[in-house]
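Report on the following structure.
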Amino acid sequence: MFGMVPFERHEDNFFDVFDNFERKFFGNSSANLPAFRTDIKDADDKFVLEAELPGFDKEDISLDVKDGILTISAQHKEEKEDKDEKGQYIRRERRYGSFRRSFDVTGIDENGITAAYSNGILTLNLPKTVPAVPETRRIAIE
């Protein structure tokens, strides 16, 4: 199925001029890497999508399907504080990460999509839609 190719939407606005300049100036840097790695396998009656999301909890991940587009989002927020007996900071660290990728799921039975998350790997089963076979109808001659 051609539609399982990932894509990203871009909206051109005034502020994109600076981002585009930076991308062109630095060329193919690591900034052009996808937010997270995915593998897509064709398993006859379905596609199996595996997304690497290490360090996330299952509750940090959301899957949305709208208008033939599957969006995988993951957000993680972590804060650590160490204070002395006076309540002043000895150490304070914050870490925040957010990732999002979208996939065209044309030709997929959206109601049959299932997902599981284990050991940092999100696995989605994307069943292919069964093509409608045109029904033959005999017409009686009067």
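Following the order of the structure tokens, first chain is A, next is B, and so on, with residues numbered from 1 inside each chain and ligands from 1 in the order they appear.
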
Applying 8 Å and only C-alpha atoms, which residues near Tyr96 (chain A) remain after dropping the ones on its own chain fewer than 4 positions away? List them as a PyMOL selection string. chain A and resi 75-78

Please provide the set of residues having any atom within 7 Å of Ala51 (chain A), restricted to only C-alpha atoms, with same-chain residues fewer than 4 positions apart removed, written as number ranges by chain. A: 36-39, 121-123

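The smallest atom-to-atom distance between Ile61 (chain A) and any of A:Gly87, A:Pro134, A:Gly107, A:Gly120, using only C-alpha atoms, is found for A:Gly120.
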
Can you list, as a list of chain:residue names, every protein, DNA or RNA residue that comes within 12 Å of Lys83 (chain A) when you count only C-alpha atoms, leaving out same-chain residues fewer than 5 positions away? A:Gln88, A:Tyr89, A:Ile90, A:Arg91, A:Arg92, A:Glu93

Same residues, N, CA, C and O atoms, saved as an mmCIF file, in the first residue's frame:
data_model
loop_
_atom_site.group_PDB
_atom_site.id
_atom_site.type_symbol
_atom_site.label_atom_id
_atom_site.label_comp_id
_atom_site.auth_asym_id
_atom_site.auth_seq_id
_atom_site.Cartn_x
_atom_site.Cartn_y
_atom_site.Cartn_z
ATOM 1 N N GLN A 88 16.365 25.383 50.318
ATOM 2 C CA GLN A 88 17.004 25.959 49.140
ATOM 3 C C GLN A 88 17.475 24.839 48.215
ATOM 4 O O GLN A 88 17.824 23.746 48.667
ATOM 5 N N TYR A 89 17.498 25.155 46.955
ATOM 6 C CA TYR A 89 17.871 24.148 45.972
ATOM 7 C C TYR A 89 19.351 23.803 46.047
ATOM 8 O O TYR A 89 20.198 24.690 46.095
ATOM 9 N N ILE A 90 19.618 22.522 46.062
ATOM 10 C CA ILE A 90 20.969 22.035 45.858
ATOM 11 C C ILE A 90 21.104 21.644 44.396
ATOM 12 O O ILE A 90 22.103 21.891 43.756
ATOM 13 N N ARG A 91 20.029 21.045 43.889
ATOM 14 C CA ARG A 91 19.990 20.638 42.482
ATOM 15 C C ARG A 91 18.535 20.671 42.035
ATOM 16 O O ARG A 91 17.633 20.272 42.767
ATOM 17 N N ARG A 92 18.309 21.132 40.836
ATOM 18 C CA ARG A 92 16.963 21.149 40.257
ATOM 19 C C ARG A 92 17.106 20.886 38.759
ATOM 20 O O ARG A 92 17.764 21.652 38.064
ATOM 21 N N GLU A 93 16.494 19.817 38.298
ATOM 22 C CA GLU A 93 16.598 19.449 36.889
ATOM 23 C C GLU A 93 15.211 19.269 36.307
ATOM 24 O O GLU A 93 14.307 18.781 36.978
#
